[in-house]
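Asker: If you scroll down you'll find the structure; I have some questions about it.
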Amino acid sequence: MGLLSRMSTVVKSKMNRIIDNAENPGETLDYAYEKQLEQLRNVKKGVVELVTTKRRLQLQAKKVQTGIGKLDEQAAQSLSAGREDLARLALQRKQTSVYELQDLEEQIANLEGEQQKLTTAEQRLQGKVEAFRSRKEII
């Protein structure tokens with residue numbers, strides 16, 4: 001058993017030496033730097049997609065708000081024409097639109113919070129990438 005253990009240790013040490021000789025530290029650092037840059041690009045892409053989604057929701061909320069105003073006008077016109085049933089229907093649709101608007105505003109607020117978090121993460125990662133690049137160039 002002692003002989004097999006010693007042979008195993010010798011083989012492991014020889015393999016480690018071969019791998020160490022084959023490994024180029026410059027290439028390893030370049031690879032690590034490229035991976036960090038890829039992460040940074042992914043974070044930036046995430047921020048852009050988030051901003052796009054937020055803008056789309058804001059446009060949708062604006063349309064709903066405009067629709068609420070039109071429904072108010074319809075209800076007033078229906079009342080003046082003596083059509084309480086149509087006025088009631090317009091006010092029901094308005095209430096549904098108000099709920100939809102509240103939901104959209106909540107989603108927009110959540111996205112703004114996520115945008116702040118991602119922007120902060122992007123800035124931190126940018127600093128780390130710059131620091132790594134500086135150390136890599138020094139080495």
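Ordered as shown in the structure tokens, chains take letters A, B, and onward, while each chain numbers its residues from 1 and ligands are numbered from 1 in the order shown.
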Which residues, written as an MDAnalysis selection string, have at least one atom at most 8 Å from Leu71 in chain A, with only C-alpha atoms counted and residues fewer than 4 positions away on the same chain left out?
Answerer: chainID A and resid 67 75 90:91 93:94
Asker: Considering only C-alpha atoms, state which residue in the set A:Arg17, A:Leu50, A:Lys45, A:Leu29 is at the smallest distance from Gln116 in chain A.
Answerer: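 Answer, going by the shortest atom-to-atom distance: A:Leu50.
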Asker: CA of Asp30 in chain A and CA of Val129 in chain A are how many Å apart?
Answerer: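 Those two atoms sit 11.9 Å apart.
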Asker: Take CA of Ala61 in chain A and CA of Glu100 in chain A and report the distance between them in Å, one decimal.
Answerer: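 A separation of 8.3 Å between them.
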Asker: Do you have the CA of Gln39 in chain A-CA of Arg55 in chain A distance handy?
Answerer: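 So the answer is 24.5 Å.
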Asker: Any idea what's packed within 10 Å of range 135-139 of chain A, counting only C-alpha atoms, ignoring anything in its chain fewer than 2 positions away? Could you give it as a ChimeraX atom specification?
Answerer: /A:25-26,29-30,32-33,129-133
Asker: Can you write out the residues you just picked, keeping C-alpha atoms, as a short mmCIF file (atom, residue, chain, number, x, y, z; two decimals), in the first residue's frame?
Answerer:
```
data_model
loop_
_atom_site.label_atom_id
_atom_site.label_comp_id
_atom_site.auth_asym_id
_atom_site.auth_seq_id
_atom_site.Cartn_x
_atom_site.Cartn_y
_atom_site.Cartn_z
CA PRO A 25 -0.12 33.46 -16.86
CA GLY A 26 -0.59 36.20 -19.46
CA LEU A 29 -5.11 37.03 -17.12
CA ASP A 30 -6.35 37.97 -20.60
CA ALA A 32 -10.16 36.55 -16.94
CA TYR A 33 -10.24 40.15 -18.23
CA VAL A 129 -12.69 45.80 -14.34
CA GLU A 130 -10.58 48.95 -14.50
CA ALA A 131 -8.64 47.92 -11.38
CA PHE A 132 -8.09 44.43 -12.79
CA ARG A 133 -6.94 45.87 -16.12
#
```
Asker: Which residues are near range 120-125 of chain A? Cut-off 8 Å, only C-alpha atoms, ignore same chain within fewer than 3 positions. Put them as an mmCIF file with C-alpha atoms, in the first residue's frame.
Answerer:
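Generated output (out.cif):
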```cif
data_model
loop_
_atom_site.group_PDB
_atom_site.id
_atom_site.type_symbol
_atom_site.label_atom_id
_atom_site.label_comp_id
_atom_site.auth_asym_id
_atom_site.auth_seq_id
_atom_site.Cartn_x
_atom_site.Cartn_y
_atom_site.Cartn_z
ATOM 1 C CA LEU A 40 -19.993 44.239 -17.837
ATOM 2 C CA VAL A 43 -25.078 44.271 -17.156
ATOM 3 C CA LYS A 44 -25.162 47.240 -19.548
ATOM 4 C CA GLN A 116 -30.973 51.949 -9.708
ATOM 5 C CA LYS A 117 -29.654 48.606 -8.465
ATOM 6 C CA LYS A 128 -13.384 46.348 -10.641
ATOM 7 C CA VAL A 129 -12.692 45.803 -14.341
#
```
Asker: Which is closest to Leu111 in chain A among A:Leu3, A:Ile19, A:Leu57, A:Val10, if we use only C-alpha atoms?
Answerer: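 Nearest candidate to Leu111 in chain A out of A:Leu3, A:Ile19, A:Leu57, A:Val10: A:Leu57.
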Asker: Nearest residue to Gln95 in chain A out of A:Lys54, A:Ser78, A:Gln126, A:Gln65, using only C-alpha atoms?
Answerer: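 Residue with the minimum atom-to-atom distance to Gln95 in chain A: A:Gln65.
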Asker: Tell me which of A:Leu4, A:Ala81, A:Val51, A:Ile18 sits closest to Thr119 in chain A, counting only C-alpha atoms.
Answerer: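 Distance minimum relative to Thr119 in chain A lands on A:Val51.
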Asker: Do you know which residues are at most 12 Å from Gln92 in chain A counting only C-alpha atoms, after dropping those on the same chain fewer than 3 positions away, and could you put them as a VMD selection string?
Answerer: chain A and resid 68 71 to 72 74 to 75 85 to 89 95 to 99
Asker: Nearest to Gln60 in chain A: which of A:Asp103, A:Glu27, A:Glu112, A:Glu84 is it, counting only C-alpha atoms?
Answerer: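 Ranked by minimum distance to Gln60 in chain A, first place goes to A:Asp103.
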Asker: Determine the nearest neighbour of Leu104 in chain A from the options A:Val47, A:Val64, A:Leu118, A:Val11, counting only C-alpha atoms.
Answerer: A:Val64
